[in-house]
>>> print(open('protein-v4.cif').read())   # mmCIF, C-alpha atoms
data_upload
#
loop_
_atom_site.label_atom_id
_atom_site.label_comp_id
_atom_site.auth_asym_id
_atom_site.auth_seq_id
_atom_site.Cartn_x
_atom_site.Cartn_y
_atom_site.Cartn_z
CA MET P 1 56.34 157.51 60.19
CA ILE P 2 58.61 154.88 61.78
CA THR P 3 58.12 154.35 65.50
CA THR P 4 59.89 152.15 68.01
CA PRO P 5 57.43 149.51 69.23
CA GLN P 6 56.89 149.48 72.97
CA PRO P 7 57.58 146.24 74.84
CA LEU P 8 54.65 143.86 74.92
CA LEU P 9 53.32 143.51 78.46
CA GLN P 10 52.31 139.94 79.15
CA ASN P 11 49.79 138.22 81.35
CA PRO P 12 52.16 136.07 83.43
CA ALA P 13 49.58 133.32 83.75
CA GLN P 14 49.00 132.86 80.05
CA GLY P 15 51.89 134.63 78.34
CA LEU P 16 49.33 136.73 76.42
CA PRO P 17 48.40 140.43 76.45
CA ASP P 18 45.91 141.07 79.25
CA GLN P 19 42.93 143.42 79.12
CA ASP P 20 44.76 146.36 80.68
CA GLU P 21 47.52 145.98 78.10
CA LEU P 22 45.00 145.94 75.25
CA ILE P 23 43.39 149.11 76.61
CA ARG P 24 46.80 150.76 76.94
CA ARG P 25 47.64 149.95 73.35
CA LEU P 26 44.33 151.27 72.01
CA LEU P 27 44.64 154.51 73.96
CA SER P 28 48.35 155.08 73.22
CA ASP P 29 48.09 154.45 69.47
CA THR P 30 50.27 151.34 69.80
CA PRO P 31 49.32 148.56 67.38
CA LEU P 32 47.63 145.48 68.83
CA LEU P 33 49.86 143.31 66.65
CA ALA P 34 53.51 143.21 67.73
CA ASP P 35 55.46 145.58 65.48
CA THR P 36 58.00 143.23 63.89
CA ALA P 37 59.49 142.95 60.40
CA ASP P 38 57.94 139.50 59.87
CA HIS P 39 54.50 140.77 60.86
CA LEU P 40 54.83 143.72 58.51
CA LEU P 41 55.78 141.48 55.59
CA GLN P 42 52.94 139.04 56.27
CA VAL P 43 50.23 141.61 56.88
CA VAL P 44 50.95 143.85 53.89
CA ASN P 45 51.29 140.99 51.44
CA VAL P 46 48.34 138.97 52.63
CA LEU P 47 46.19 142.11 52.51
CA GLU P 48 47.34 142.73 48.95
CA SER P 49 46.25 139.21 48.06
CA TYR P 50 42.97 139.75 49.90
CA GLY P 51 42.50 143.08 48.12
CA LEU P 52 42.71 141.32 44.75
CA VAL P 53 40.18 138.76 45.93
CA LEU P 54 37.88 141.48 47.30
CA ASP P 55 37.99 143.18 43.91
CA ALA P 56 36.36 140.08 42.41
CA TYR P 57 33.99 139.66 45.37
CA SER P 58 32.81 143.27 45.22
CA ARG P 59 32.23 143.27 41.48
CA ASN P 60 30.22 140.07 41.76
CA LEU P 61 28.07 141.25 44.67
CA ILE P 62 27.32 144.58 43.01
CA HIS P 63 26.44 142.71 39.81
CA GLN P 64 24.09 140.45 41.79
CA GLY P 65 22.41 143.48 43.31
CA LYS P 66 21.79 144.92 39.85
CA THR P 67 20.66 141.74 38.07
CA GLN P 68 19.53 139.04 40.50
CA LEU P 69 16.87 140.71 42.65
CA LEU P 70 14.00 138.26 43.23
CA ASN P 71 15.46 135.81 40.74
CA PRO P 72 14.06 132.44 41.94
CA PHE P 73 16.83 130.41 40.29
CA PRO P 74 20.10 132.44 40.41
CA ALA P 75 22.18 129.56 39.05
CA PHE P 76 24.49 131.85 37.07
CA ARG P 77 24.91 134.60 39.66
CA PHE P 78 28.67 134.05 39.83
CA PHE P 79 29.18 134.74 36.11
CA HIS P 80 29.35 138.51 36.37
CA GLU P 81 32.05 138.61 33.68
CA GLY P 82 29.77 136.88 31.19
CA PHE P 83 28.78 133.27 30.63
CA SER P 84 30.67 130.84 28.41
CA ILE P 85 31.10 127.08 28.26
CA GLU P 86 34.77 127.48 29.17
CA ARG P 87 33.93 129.51 32.28
CA LEU P 88 31.23 127.02 33.25
CA TRP P 89 33.70 124.14 32.89
CA ASN P 90 36.34 125.94 34.97
CA HIS P 91 33.66 126.75 37.55
CA LEU P 92 32.68 123.09 37.86
CA LEU P 93 36.35 122.07 38.20
CA GLY P 94 36.88 124.62 40.97
CA ASP P 95 39.28 126.70 38.88
CA ARG P 96 37.71 129.97 39.96
CA ILE P 97 37.23 132.51 42.71
CA ASN P 98 35.10 130.98 45.48
CA PHE P 99 32.28 133.47 45.77
CA GLU P 100 30.66 131.23 48.36
CA TYR P 101 32.88 132.87 50.96
CA ALA P 102 31.46 136.26 49.98
CA GLU P 103 27.97 134.86 50.46
CA TYR P 104 28.96 133.48 53.87
CA CYS P 105 30.04 136.97 54.98
CA GLN P 106 26.82 138.46 53.61
CA LYS P 107 24.71 135.88 55.44
CA ALA P 108 26.57 136.57 58.67
CA MET P 109 25.85 140.30 58.35
CA PHE P 110 22.25 139.69 57.39
CA TRP P 111 21.56 137.16 60.12
CA HIS P 112 23.20 139.05 62.99
CA GLY P 113 21.52 142.25 61.85
CA THR P 114 23.51 144.96 63.59
CA GLY P 115 23.83 148.61 62.62
CA GLY P 116 21.75 151.32 61.00
CA MET P 117 21.06 149.47 57.77
CA ASP P 118 19.32 146.64 59.62
CA ALA P 119 17.29 149.19 61.60
CA TYR P 120 16.24 150.82 58.32
CA PHE P 121 15.01 147.46 57.05
CA ASP P 122 12.30 147.62 59.72
CA SER P 123 11.14 151.09 58.70
CA ASP P 124 7.88 151.85 56.93
CA GLU P 125 9.82 153.43 54.07
CA PHE P 126 11.72 150.23 53.32
CA GLN P 127 8.59 148.10 53.60
CA THR P 128 6.81 150.42 51.15
CA ALA P 129 9.73 150.17 48.71
CA CYS P 130 9.63 146.37 49.00
CA GLN P 131 5.96 146.30 48.09
CA GLN P 132 6.66 148.56 45.10
CA VAL P 133 9.35 146.16 43.87
CA ILE P 134 7.14 143.13 44.40
CA GLY P 135 4.25 144.79 42.58
CA LEU P 136 6.37 145.76 39.59
CA ARG P 137 8.09 142.38 39.37
CA SER P 138 4.84 140.44 39.78
CA ARG P 139 3.45 141.94 36.58
CA ARG P 140 5.77 139.69 34.56
CA ASP P 141 6.43 136.95 37.12
CA PRO P 142 3.42 134.73 37.88
CA LEU P 143 5.55 132.52 40.15
CA LEU P 144 6.42 135.48 42.37
CA ARG P 145 2.79 136.57 42.39
CA LEU P 146 1.74 133.11 43.61
CA VAL P 147 4.51 132.79 46.19
CA ASN P 148 3.82 136.28 47.54
CA ALA P 149 0.15 135.47 47.94
CA LEU P 150 0.93 132.27 49.84
CA TYR P 151 3.94 133.52 51.81
CA PRO P 152 3.82 137.33 52.04
CA GLY P 153 7.00 137.50 54.12
CA PHE P 154 9.20 135.63 51.63
CA ALA P 155 9.82 138.32 49.00
CA PRO P 156 10.52 141.17 51.47
CA GLU P 157 13.06 138.93 53.20
CA ALA P 158 14.71 138.15 49.86
CA ILE P 159 14.89 141.88 49.09
CA ARG P 160 16.49 142.57 52.48
CA SER P 161 19.07 139.89 51.75
CA MET P 162 19.87 141.25 48.29
CA THR P 163 20.16 144.77 49.72
CA THR P 164 22.76 143.47 52.18
CA ILE P 165 24.60 141.78 49.29
CA TYR P 166 24.76 145.05 47.37
CA ALA P 167 25.87 147.07 50.43
CA LEU P 168 28.62 144.54 51.19
CA GLY P 169 29.78 144.87 47.59
CA LEU P 170 30.08 148.64 48.07
CA PHE P 171 32.02 148.11 51.31
CA TRP P 172 34.45 145.65 49.76
CA ARG P 173 34.98 147.95 46.77
CA VAL P 174 36.49 150.52 49.14
CA MET P 175 38.46 147.98 51.16
CA SER P 176 39.95 146.40 48.04
CA ASP P 177 41.33 149.78 46.97
CA VAL P 178 42.64 150.49 50.49
CA PHE P 179 44.51 147.17 50.70
CA ILE P 180 46.02 147.37 47.21
CA ASP P 181 47.14 150.95 47.85
CA LEU P 182 48.70 149.77 51.13
CA ALA P 183 50.91 147.36 49.17
CA ARG P 184 51.88 150.14 46.75
CA ARG P 185 52.93 152.42 49.61
CA TYR P 186 54.84 149.57 51.27
CA ARG P 187 56.90 148.98 48.14
CA ILE P 188 57.91 152.61 47.84
CA GLY P 189 58.83 152.84 51.52
CA GLU P 190 55.89 154.90 52.82
CA VAL P 191 54.67 152.01 55.01
CA ALA P 192 57.56 150.78 57.15
CA CYS P 193 56.02 149.31 60.31
CA VAL P 194 52.82 147.71 61.59
CA LEU P 195 51.66 151.03 63.04
CA ASP P 196 51.84 152.52 59.53
CA VAL P 197 49.58 149.69 58.34
CA VAL P 198 47.02 150.45 61.05
CA HIS P 199 47.15 154.17 60.26
CA HIS P 200 46.75 153.55 56.52
CA ILE P 201 43.65 151.41 57.03
CA ARG P 202 42.27 153.80 59.64
CA ASP P 203 42.71 156.76 57.32
CA GLY P 204 41.06 154.83 54.48
CA LEU P 205 38.07 154.02 56.68
CA VAL P 206 37.79 157.59 57.92
CA ALA P 207 38.12 159.03 54.40
CA ALA P 208 35.22 156.84 53.24
CA ALA P 209 33.27 157.16 56.51
CA ALA P 210 30.61 159.52 55.19
CA ASN P 211 30.23 157.84 51.78
CA PRO P 212 26.49 157.28 51.28
CA ILE P 213 25.25 153.70 51.02
CA THR P 214 22.40 153.76 48.51
CA TYR P 215 20.67 151.14 46.39
CA GLU P 216 18.32 151.80 43.49
CA VAL P 217 16.81 149.06 41.33
CA THR P 218 15.29 149.39 37.88
CA LEU P 219 12.37 147.21 36.89
CA GLY P 220 11.25 147.76 33.34
CA LYS P 221 11.00 151.50 32.91
CA GLU P 222 10.54 152.28 36.60
CA SER P 223 13.08 152.73 39.38
CA VAL P 224 12.71 152.15 43.10
CA TRP P 225 15.03 153.30 45.86
CA LEU P 226 15.56 150.52 48.40
CA LEU P 227 18.26 152.50 50.21
CA PRO P 228 17.53 156.12 49.29
CA PRO P 229 19.98 158.98 49.97
CA GLN P 230 17.57 160.45 52.52
CA ALA P 231 17.93 157.32 54.67
CA GLY P 232 21.31 158.75 55.67
CA LEU P 233 23.15 155.43 55.69
CA THR P 234 26.93 155.78 55.51
CA PHE P 235 29.94 153.56 54.90
CA LEU P 236 31.67 153.42 58.28
CA VAL P 237 28.92 153.33 60.89
CA ASP P 238 26.25 151.44 58.95
CA VAL P 239 28.33 148.88 57.03
CA ALA P 240 32.00 148.73 58.10
CA VAL P 241 31.45 148.45 61.86
CA PRO P 242 28.54 145.96 61.51
CA TYR P 243 30.79 143.94 59.18
CA VAL P 244 33.53 143.80 61.84
CA GLU P 245 30.94 142.75 64.42
CA ALA P 246 29.35 140.06 62.26
CA VAL P 247 32.40 138.60 60.50
CA PHE P 248 35.38 139.30 62.76
CA PHE P 249 33.67 138.59 66.07
CA ARG P 250 30.39 136.67 65.80
CA GLY P 251 30.50 134.71 62.55
CA MET P 252 28.52 131.50 62.19
CA PRO P 253 29.33 127.89 63.10
CA PHE P 254 30.21 125.79 60.08
CA LEU P 255 28.25 122.68 59.23
CA GLY P 256 30.28 119.61 60.07
CA THR P 257 32.46 121.31 62.68
CA VAL P 258 29.97 121.61 65.55
CA SER P 259 26.67 119.97 66.36
CA TYR P 260 23.50 121.89 65.58
CA ASN P 261 21.56 119.53 67.85
CA ALA P 262 19.89 121.64 70.55
CA GLN P 263 20.51 118.95 73.15
CA ALA P 264 24.27 119.01 72.48
CA ARG P 265 24.35 122.71 73.45
CA GLN P 266 27.44 123.36 71.37
CA ILE P 267 25.92 126.54 69.93
CA SER P 268 24.72 129.38 72.14
CA PRO P 269 21.04 130.31 71.65
CA ASP P 270 22.12 133.96 72.05
CA GLN P 271 23.54 135.32 68.78
CA SER P 272 25.34 138.12 70.62
CA GLN P 273 27.45 135.47 72.35
CA PHE P 274 28.63 133.86 69.10
CA LYS P 275 32.42 133.55 68.87
CA TYR P 276 32.96 132.03 65.45
CA GLY P 277 34.45 135.08 63.73
CA ALA P 278 37.85 135.51 62.11
CA LEU P 279 39.50 136.77 65.31
CA TYR P 280 38.46 133.67 67.26
CA ALA P 281 39.20 131.02 64.62
CA ASP P 282 41.79 128.32 65.07
CA PRO P 283 44.23 128.65 62.14
CA VAL P 284 43.54 125.15 60.82
CA PRO P 285 41.68 125.40 57.49
CA SER P 286 40.18 121.97 56.84
CA MET P 287 40.03 122.54 53.08
CA GLY P 288 36.80 120.57 53.28
CA ALA P 289 34.04 121.31 50.81
CA GLY P 290 31.86 124.21 51.89
CA ILE P 291 34.02 125.53 54.75
CA PRO P 292 34.06 129.27 53.95
CA PRO P 293 37.47 130.22 55.45
CA SER P 294 39.14 127.41 53.53
CA LEU P 295 37.60 128.78 50.34
CA CYS P 296 38.94 132.25 51.13
CA MET P 297 42.42 130.88 51.88
CA GLN P 298 42.40 129.13 48.50
CA ASP P 299 41.41 132.36 46.76
CA MET P 300 44.29 134.19 48.43
CA TYR P 301 46.70 131.34 47.66
CA ARG P 302 45.99 131.85 43.97
CA ASN P 303 46.91 135.55 44.33
CA LEU P 304 49.91 135.46 46.69
CA PRO P 305 52.58 138.12 46.08
CA GLU P 306 56.01 136.65 45.39
CA GLU P 307 57.50 138.10 48.57
CA LEU P 308 54.99 136.30 50.81
CA SER P 309 55.17 133.09 48.81
CA SER P 310 58.96 133.06 49.26
CA TRP P 311 58.58 133.77 52.97
CA TYR P 312 56.26 130.78 53.38
CA GLU P 313 58.79 128.54 51.64
CA SER P 314 61.27 129.20 54.44
CA HIS P 315 58.71 128.98 57.25
CA GLY P 316 56.44 126.18 58.32
CA ARG P 317 56.33 123.28 55.87
CA SER P 318 56.26 125.28 52.64
CA ASP P 319 53.39 124.21 50.36
CA ALA P 320 52.44 121.35 52.68
CA ASP P 321 50.78 123.76 55.12
CA VAL P 322 50.59 126.94 53.06
CA HIS P 323 46.84 127.34 53.65
CA VAL P 324 47.44 127.20 57.41
CA GLN P 325 50.19 129.80 57.10
CA ILE P 326 47.93 132.05 55.03
CA CYS P 327 45.23 131.67 57.68
CA VAL P 328 47.67 132.73 60.42
CA SER P 329 48.85 135.76 58.41
CA PHE P 330 45.27 136.66 57.52
CA GLN P 331 44.19 136.52 61.15
CA LYS P 332 47.05 138.83 62.08
CA SER P 333 45.98 141.23 59.33
CA MET P 334 42.38 141.18 60.60
CA PHE P 335 43.61 142.31 64.02
CA CYS P 336 45.16 145.29 62.20
CA VAL P 337 41.87 146.03 60.43
CA THR P 338 39.98 145.75 63.73
CA ASN P 339 42.59 147.99 65.35
CA ALA P 340 42.05 150.55 62.59
CA ALA P 341 38.26 150.38 62.88
CA ILE P 342 38.44 150.98 66.64
CA ALA P 343 40.87 153.88 66.17
CA GLY P 344 38.68 155.40 63.46
CA THR P 345 35.56 155.32 65.63
CA MET P 346 37.02 156.58 68.92
CA PRO P 347 34.57 159.07 70.47
CA HIS P 348 37.27 161.74 70.75
CA PRO P 349 40.86 162.33 69.52
CA LEU P 350 43.39 160.33 71.53
CA GLU P 351 45.48 163.45 72.13
CA SER P 352 42.57 165.30 73.80
CA SER P 353 43.40 166.59 77.30
CA ASP P 354 39.74 166.96 78.29
CA PRO P 355 39.10 164.53 81.20
CA ALA P 356 35.58 163.78 79.93
CA HIS P 357 36.95 162.93 76.49
CA GLN P 358 39.65 160.75 77.99
CA GLU P 359 37.10 158.91 80.11
CA ALA P 360 34.84 158.32 77.11
CA ASN P 361 37.77 157.00 75.09
CA ARG P 362 38.81 154.71 77.94
CA ALA P 363 35.31 153.30 78.26
CA TYR P 364 35.17 152.72 74.50
CA ALA P 365 38.59 151.05 74.46
CA GLY P 366 37.64 148.97 77.49
CA ALA P 367 34.52 147.64 75.78
CA TRP P 368 36.53 146.55 72.74
CA ALA P 369 39.33 145.11 74.88
CA GLY P 370 36.76 142.98 76.70
CA ARG P 371 35.67 141.53 73.36
CA LEU P 372 39.27 140.97 72.27
CA MET P 373 40.11 139.02 75.43
CA GLY P 374 38.25 136.02 74.03
CA CYS P 375 40.03 136.16 70.67
CA GLN P 376 43.19 134.41 69.52
CA ARG P 377 45.46 136.79 71.38
CA GLY P 378 48.40 134.52 70.62
CA ALA P 379 48.24 135.88 67.07
CA LEU P 380 49.32 139.26 68.44
CA LEU P 381 52.71 137.99 69.64
#
>>> encode(input="protein-v4.cif", output="structure tokens")
Amino acid sequence: MITTPQPLLQNPAQGLPDQDELIRRLLSDTPLLADTADHLLQVVNVLESYGLVLDAYSRNLIHQGKTQLLNPFPAFRFFHEGFSIERLWNHLLGDRINFEYAEYCQKAMFWHGTGGMDAYFDSDEFQTACQQVIGLRSRRDPLLRLVNALYPGFAPEAIRSMTTIYALGLFWRVMSDVFIDLARRYRIGEVACVLDVVHHIRDGLVAAAANPITYEVTLGKESVWLLPPQAGLTFLVDVAVPYVEAVFFRGMPFLGTVSYNAQARQISPDQSQFKYGALYADPVPSMGAGIPPSLCMQDMYRNLPEELSSWYESHGRSDADVHVQICVSFQKSMFCVTNAAIAGTMPHPLESSDPAHQEANRAYAGAWAGRLMGCQRGALL
């Protein structure tokens, strides 16, 4: 459905959308991102590129979950398509997908620990499953048996981490399909404005909302459920929303960009106050070794659709700053994904005339708008 975008109300002091405007947009089903032709082109194409990258990320993370549990030396964890000397050589030369970015996202989710999956990690059922896995693995792994005796908390923590890796792989599997299908619908004219993009992603999230998140491992001839069906963990509430919280909002400070010295006080001691996520980032990828967003931009650069590549050639400085341009487009697309996640988790339908429903929706939108006020709101213009 094609709609006429409403005029963007501005904060006269900053020239940016203010909190009331953000709330109005969320409650009126108006996209956060200005509905322009350039934005539509950038967002759809960069999400197609990201969808192709997520396909590789998801397959690798799911493979790790199936094969690398409690592996003390996972040196070949990125070779989910099989090991060969040629692939190893290309890997060493950097001619590959940078799975380190996937691991950064996983570590952010694991460390911030929000949502139902993290709560389940603290349950007696999960702890019992961990001990079953450790016991079965220790029969053939004397190193694990020794380490577990000396440091009993190490193996359960490693299992929690691998469980998060596997769950993130399941999440990205769905998102990859949603983004690639978005590009297909765009090319046949079914997606014609930014609002259509938000609705497509929202509908994809809602359609997968109740998908169970489960994880079963096989050790020898025995199987253990780490995330059993009866845990009741689902795609949207227990993985998608915590992912948005951990990666889009909180994130983690990158080594070499801020001081980790406690006396410098450049990093808040309160994780809930972290503002290093994708929506806060300055669109200046350093392309330095080990900076996760730069690695992701490079992965998308290798998979750019022709339409977006041509658009970049006539904007900015062409290839000279293409990674910066990709970062800007990607940030805009992440506002659309966040927009869709908020819309998909509203307490009540936006069209409800019940005053209690309207008040609950306003409070929910207000909470998210408060978070968005600290983001790069200039990306919405």
>>> residues_near_point(input="protein-v4.cif", point="(48.1, 132.9, 43.6)", cutoff="12 Å", atoms="all atoms listed in the file", output="PyMOL selection string")
chain P and resi 45-46+48-50+52-53+95-97+296-309+322-323+326
>>> residues_around(input="protein-v4.cif", residues="Phe126 (chain P)", least_positions_apart="5", cutoff="8 Å", atoms="all atoms listed in the file", output="list in words")
Tyr120, Phe121, Leu226 and Leu227 of chain P
>>> axis_aligned_box(input="protein-v4.cif", around="region 240-246 of chain P", padding_each_side="4 Å", output="lines of an AutoDock Vina configuration file")
center_x = 31.0
center_y = 144.4
center_z = 61.3
size_x = 13.0
size_y = 16.7
size_z = 14.3
>>> closest_residue(input="protein-v4.cif", among="P:Thr163, P:Ser353, P:Asn148, P:Gln19", to="Trp368 (chain P)", atoms="all atoms listed in the file")
P:Gln19
>>> residues_around(input="protein-v4.cif", residues="Glu100 (chain P)", least_positions_apart="5", cutoff="12 Å", atoms="only C-alpha atoms", output="PDB file with C-alpha atoms, keeping the file's coordinate frame")
ATOM      1  CA  TYR P  57      33.990 139.660  45.370  1.00  0.00           C
ATOM      2  CA  ASN P  60      30.220 140.070  41.760  1.00  0.00           C
ATOM      3  CA  LEU P  61      28.070 141.250  44.670  1.00  0.00           C
ATOM      4  CA  ARG P  77      24.910 134.600  39.660  1.00  0.00           C
ATOM      5  CA  PHE P  78      28.670 134.050  39.830  1.00  0.00           C
ATOM      6  CA  GLY P  94      36.880 124.620  40.970  1.00  0.00           C
ATOM      7  CA  CYS P 105      30.040 136.970  54.980  1.00  0.00           C
ATOM      8  CA  GLN P 106      26.820 138.460  53.610  1.00  0.00           C
ATOM      9  CA  LYS P 107      24.710 135.880  55.440  1.00  0.00           C
ATOM     10  CA  ALA P 289      34.040 121.310  50.810  1.00  0.00           C
ATOM     11  CA  GLY P 290      31.860 124.210  51.890  1.00  0.00           C
ATOM     12  CA  ILE P 291      34.020 125.530  54.750  1.00  0.00           C
ATOM     13  CA  PRO P 292      34.060 129.270  53.950  1.00  0.00           C
ATOM     14  CA  PRO P 293      37.470 130.220  55.450  1.00  0.00           C
ATOM     15  CA  SER P 294      39.140 127.410  53.530  1.00  0.00           C
ATOM     16  CA  LEU P 295      37.600 128.780  50.340  1.00  0.00           C
ATOM     17  CA  CYS P 296      38.940 132.250  51.130  1.00  0.00           C
ATOM     18  CA  GLN P 298      42.400 129.130  48.500  1.00  0.00           C
ATOM     19  CA  ASP P 299      41.410 132.360  46.760  1.00  0.00           C
TER      20      ASP P 299
END
>>> closest_residue(input="protein-v4.cif", among="P:Leu219, P:Thr214, P:Ile159, P:Phe73", to="Leu136 (chain P)", atoms="all atoms listed in the file")
P:Leu219
>>> atom_distance(input="protein-v4.cif", atom1="CA of Met117 (chain P)", atom2="CA of Ala208 (chain P)")
16.6 Å
>>> residues_around(input="protein-v4.cif", residues="Thr338 (chain P)", least_positions_apart="4", cutoff="9 Å", atoms="all atoms listed in the file", output="PyMOL selection string")
chain P and resi 198+244+248+333-334+342-343
>>> residues_near_point(input="protein-v4.cif", point="(44.9, 133.6, 61.8)", cutoff="7 Å", atoms="all atoms listed in the file", output="compact mmCIF listing (two decimals) with C-alpha atoms, keeping the file's coordinate frame")
# COMPACT_ATOMS: atom_id res chain seq x y z
CA ALA P 281 39.20 131.02 64.62
CA ASP P 282 41.79 128.32 65.07
CA PRO P 283 44.23 128.65 62.14
CA CYS P 327 45.23 131.67 57.68
CA VAL P 328 47.67 132.73 60.42
CA SER P 329 48.85 135.76 58.41
CA PHE P 330 45.27 136.66 57.52
CA GLN P 331 44.19 136.52 61.15
CA LYS P 332 47.05 138.83 62.08
CA ALA P 379 48.24 135.88 67.07
>>> atom_distance(input="protein-v4.cif", atom1="CA of Gly115 (chain P)", atom2="CA of Tyr243 (chain P)")
9.1 Å
>>> atom_distance(input="protein-v4.cif", atom1="CA of Leu170 (chain P)", atom2="CA of Arg59 (chain P)")
8.8 Å
>>> residues_around(input="protein-v4.cif", residues="Ala207 (chain P)", least_positions_apart="2", cutoff="12 Å", atoms="all atoms listed in the file", output="VMD selection string")
chain P and resid 174 to 175 178 199 to 205 209 to 211 234 to 236 344
>>> closest_residue(input="protein-v4.cif", among="P:Thr345, P:Phe274, P:Leu22, P:Val194", to="Asp38 (chain P)", atoms="all atoms listed in the file")
P:Val194
>>> closest_residue(input="protein-v4.cif", among="P:Leu92, P:Ala158, P:Leu380, P:Leu146", to="Asp35 (chain P)", atoms="only C-alpha atoms")
P:Leu380
>>> closest_residue(input="protein-v4.cif", among="P:Leu143, P:Leu372, P:Val44, P:Leu381", to="Ala192 (chain P)", atoms="all atoms listed in the file")
P:Val44
>>> closest_residue(input="protein-v4.cif", among="P:Arg137, P:His348, P:Arg24, P:Arg87", to="Pro72 (chain P)", atoms="all atoms listed in the file")
P:Arg137
>>> resolve_selection(input="protein-v4.cif", expression="the PyMOL selection byres ((chain P and resi 347) around 10)", output="JSON, numbers by chain")
{"P": [342, 343, 344, 345, 346, 348, 349, 350, 357, 358, 359, 360, 361, 362, 363, 364, 365]}
>>> decode(input="protein-v4.cif", residues="region 185-206 of chain P", atoms="C-alpha atoms", output="mmCIF file, in the first residue's frame")
data_model
loop_
_atom_site.group_PDB
_atom_site.id
_atom_site.type_symbol
_atom_site.label_atom_id
_atom_site.label_comp_id
_atom_site.auth_asym_id
_atom_site.auth_seq_id
_atom_site.Cartn_x
_atom_site.Cartn_y
_atom_site.Cartn_z
ATOM 1 C CA ARG P 185 8.737 -7.875 -3.347
ATOM 2 C CA TYR P 186 10.419 -4.511 -4.004
ATOM 3 C CA ARG P 187 11.446 -5.582 -7.495
ATOM 4 C CA ILE P 188 7.947 -6.680 -8.437
ATOM 5 C CA GLY P 189 6.396 -3.491 -7.074
ATOM 6 C CA GLU P 190 4.777 -4.837 -3.892
ATOM 7 C CA VAL P 191 7.053 -2.701 -1.686
ATOM 8 C CA ALA P 192 6.861 0.912 -2.839
ATOM 9 C CA CYS P 193 7.606 3.068 0.209
ATOM 10 C CA VAL P 194 9.428 2.981 3.534
ATOM 11 C CA LEU P 195 6.190 2.196 5.370
ATOM 12 C CA ASP P 196 5.848 -0.943 3.237
ATOM 13 C CA VAL P 197 9.352 -1.939 4.361
ATOM 14 C CA VAL P 198 8.413 -1.522 8.024
ATOM 15 C CA HIS P 199 5.185 -3.485 7.518
ATOM 16 C CA HIS P 200 7.005 -6.300 5.693
ATOM 17 C CA ILE P 201 9.542 -6.706 8.493
ATOM 18 C CA ARG P 202 6.851 -6.368 11.162
ATOM 19 C CA ASP P 203 4.731 -9.047 9.514
ATOM 20 C CA GLY P 204 7.769 -11.320 9.205
ATOM 21 C CA LEU P 205 8.534 -10.907 12.905
ATOM 22 C CA VAL P 206 4.921 -11.483 13.907
#
